[in-house]
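Engineer: Please see the structure below; I have some questions.
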Amino acid sequence: MLNAPAPPPAKPIDRALLRDLRLAVEDFNCDYADTLDRGDIEAWPDFFTDDGVYRLIARDNADANLPLSLMSCEGKGMLKDRAYAIANTEMFAPRYTMHHIAQVRVTDFDDQIVTAQANYIILETLIDEPTRLLQCGKYRDKFLLQGDKLLLKERNCIYDTVLVPTCIVFPP
């Protein structure tokens, strides 16, 4: 019986680097959530690279690798258009959102690209209604690392339910 060749040795994991990258992603997500929770939607595109992609996808579509998205923006121009529309043209009742982002995990790092994921929950409060769960899901992200700054190259917000409120005003 022939022995199979031994697998190549695993690349050593630099745990300190992974910890630093995870903390950088957590800080990024805190700034992202704070910006959206303050309603500063016109600053939202600044979190992305010029060719950044943002998608809001139902979990069943993501699991089946289907491209259908509830919201999709490709490039900073589309992100700015979406932000402008929300800030200046769309009509909706006043509301507050509160993002909770947890369980950040860096899953890969290659050159300047950091791949990460995190769970999110968004609560929404309309002024005259009780607070409700707006959405929950998982971010699947690719970040560009420029020096000590992260920018999103791609954010896929994979939400867990196919039933969504009739109006998703602000991006998750």
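Labels for the structure tokens follow display order: chains A, B, ..., residues from 1 in each chain, ligands from 1.
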When DSSP works through the backbone of this structure, what residues of chain A end up as strand (DSSP E), shown as a PyMOL selection string?
Structural biologist: chain A and resi 48-58+71-74+95-110+113-126+132-146+149-159
Engineer: Could you name the residues that touch Thr49 (chain A) at 6 Å or less, counting only C-alpha atoms, but leaving out those on the same chain fewer than 2 positions away, as a list in words?
Structural biologist: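 Using only C-alpha atoms, the neighbours found are Asp51, Gly52, Leu151, Leu152 and Lys153 of chain A.
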Engineer: Nearest to Lys80 (chain A): which of A:Ala118, A:Cys30, A:Ile41, A:Leu36 is it, counting only C-alpha atoms?
Structural biologist: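 Among A:Ala118, A:Cys30, A:Ile41, A:Leu36, it is A:Ile41 that comes nearest to Lys80 (chain A).
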Engineer: What lies within 7 Å of Leu134 (chain A) using only C-alpha atoms, ignoring chain neighbours under 4 positions off, as a PDB file with N, CA and C atoms, in the first residue's frame?
Structural biologist:
ATOM      1  N   ILE A 122     -30.412  45.310  13.966  1.00  0.00           N
ATOM      2  CA  ILE A 122     -30.789  46.719  13.873  1.00  0.00           C
ATOM      3  C   ILE A 122     -32.160  46.886  14.499  1.00  0.00           C
ATOM      4  N   LEU A 123     -32.217  47.776  15.478  1.00  0.00           N
ATOM      5  CA  LEU A 123     -33.476  48.141  16.107  1.00  0.00           C
ATOM      6  C   LEU A 123     -33.926  49.457  15.507  1.00  0.00           C
ATOM      7  N   GLU A 124     -35.229  49.632  15.380  1.00  0.00           N
ATOM      8  CA  GLU A 124     -35.788  50.855  14.809  1.00  0.00           C
ATOM      9  C   GLU A 124     -36.873  51.384  15.740  1.00  0.00           C
TER      10      GLU A 124
END
Engineer: Within region 30-121 of chain A, find each residue whose DSSP state, derived from the backbone, is alpha helix (DSSP H), and express the selection as a PyMOL selection string.
Structural biologist: chain A and resi 30-37+59-63+76-88
Engineer: Which distance in Å separates CA of Leu133 (chain A) and CA of Trp44 (chain A), to one decimal?
Structural biologist: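 It comes out at 21.7 Å.
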Engineer: Just the residues within 7 Å of region 58-72 of chain A, please, counting only C-alpha atoms, with nothing from its chain fewer than 3 positions along; format it as number ranges by chain.
Structural biologist: A: 54-55, 158-162
Engineer: Next, write the just-selected residues to a file, as a PDB file, in the first residue's frame, keeping N, CA and C atoms as the atom set.
Structural biologist:
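Generated file (part25.pdb):
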ATOM      1  N   TYR A  54     -21.959  47.358  -2.281  1.00  0.00           N
ATOM      2  CA  TYR A  54     -22.841  47.156  -1.131  1.00  0.00           C
ATOM      3  C   TYR A  54     -24.067  46.386  -1.598  1.00  0.00           C
ATOM      4  N   ARG A  55     -24.378  45.308  -0.898  1.00  0.00           N
ATOM      5  CA  ARG A  55     -25.555  44.509  -1.240  1.00  0.00           C
ATOM      6  C   ARG A  55     -26.315  44.137   0.027  1.00  0.00           C
ATOM      7  N   ILE A 158     -26.288  39.991   4.759  1.00  0.00           N
ATOM      8  CA  ILE A 158     -27.109  38.804   4.532  1.00  0.00           C
ATOM      9  C   ILE A 158     -28.148  38.762   5.652  1.00  0.00           C
ATOM     10  N   TYR A 159     -29.394  39.124   5.319  1.00  0.00           N
ATOM     11  CA  TYR A 159     -30.425  39.171   6.358  1.00  0.00           C
ATOM     12  C   TYR A 159     -31.158  37.837   6.432  1.00  0.00           C
ATOM     13  N   ASP A 160     -31.632  37.520   7.641  1.00  0.00           N
ATOM     14  CA  ASP A 160     -32.119  36.176   7.935  1.00  0.00           C
ATOM     15  C   ASP A 160     -33.540  35.873   7.485  1.00  0.00           C
ATOM     16  N   THR A 161     -34.377  36.849   7.302  1.00  0.00           N
ATOM     17  CA  THR A 161     -35.764  36.559   6.994  1.00  0.00           C
ATOM     18  C   THR A 161     -36.142  37.095   5.627  1.00  0.00           C
ATOM     19  N   VAL A 162     -37.054  36.432   4.969  1.00  0.00           N
ATOM     20  CA  VAL A 162     -37.521  36.939   3.681  1.00  0.00           C
ATOM     21  C   VAL A 162     -38.628  37.978   3.879  1.00  0.00           C
TER      22      VAL A 162
END
Engineer: Can you measure CA of Glu42 (chain A) to CA of Ala87 (chain A) for me? One decimal in Å is fine.
Structural biologist: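 So the two atoms, CA of Glu42 (chain A) and CA of Ala87 (chain A), lie 7.1 Å apart.
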Engineer: Would you pick out the contacts of Ala24 (chain A) at 12 Å or less, using only C-alpha atoms, so that residues sharing its chain but fewer than 2 positions from it are not included, and give the list as an MDAnalysis selection string?
Structural biologist: chainID A and resid 17:22 26:31 104:106 114 116 143:151
Engineer: Please produce a file of those selected residues containing C-alpha atoms, as a short mmCIF file (atom, residue, chain, number, x, y, z; two decimals), in the first residue's frame.
Structural biologist:
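Saved to again.cif:
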data_model
loop_
_atom_site.label_atom_id
_atom_site.label_comp_id
_atom_site.auth_asym_id
_atom_site.auth_seq_id
_atom_site.Cartn_x
_atom_site.Cartn_y
_atom_site.Cartn_z
CA LEU A 17 -1.86 40.33 13.55
CA LEU A 18 -5.30 38.66 13.49
CA ARG A 19 -6.15 40.28 16.84
CA ASP A 20 -5.05 43.71 15.58
CA LEU A 21 -7.06 43.29 12.38
CA ARG A 22 -10.15 42.16 14.32
CA GLU A 26 -14.52 46.32 15.29
CA ASP A 27 -13.52 50.00 15.42
CA PHE A 28 -14.58 50.42 11.80
CA ASN A 29 -17.96 48.84 12.52
CA CYS A 30 -18.46 51.09 15.57
CA ASP A 31 -17.84 54.18 13.42
CA VAL A 104 -16.43 40.05 14.54
CA ARG A 105 -14.14 37.50 12.98
CA VAL A 106 -11.30 38.04 10.51
CA VAL A 114 -8.98 41.76 4.95
CA ALA A 116 -14.21 39.49 7.82
CA PHE A 143 -11.82 45.55 3.40
CA LEU A 144 -8.92 47.35 1.76
CA LEU A 145 -6.20 48.11 4.29
CA GLN A 146 -4.51 51.43 3.50
CA GLY A 147 -1.88 52.09 6.12
CA ASP A 148 -3.88 51.88 9.35
CA LYS A 149 -7.23 52.71 7.71
CA LEU A 150 -9.85 50.25 6.50
CA LEU A 151 -12.29 50.90 3.64
#
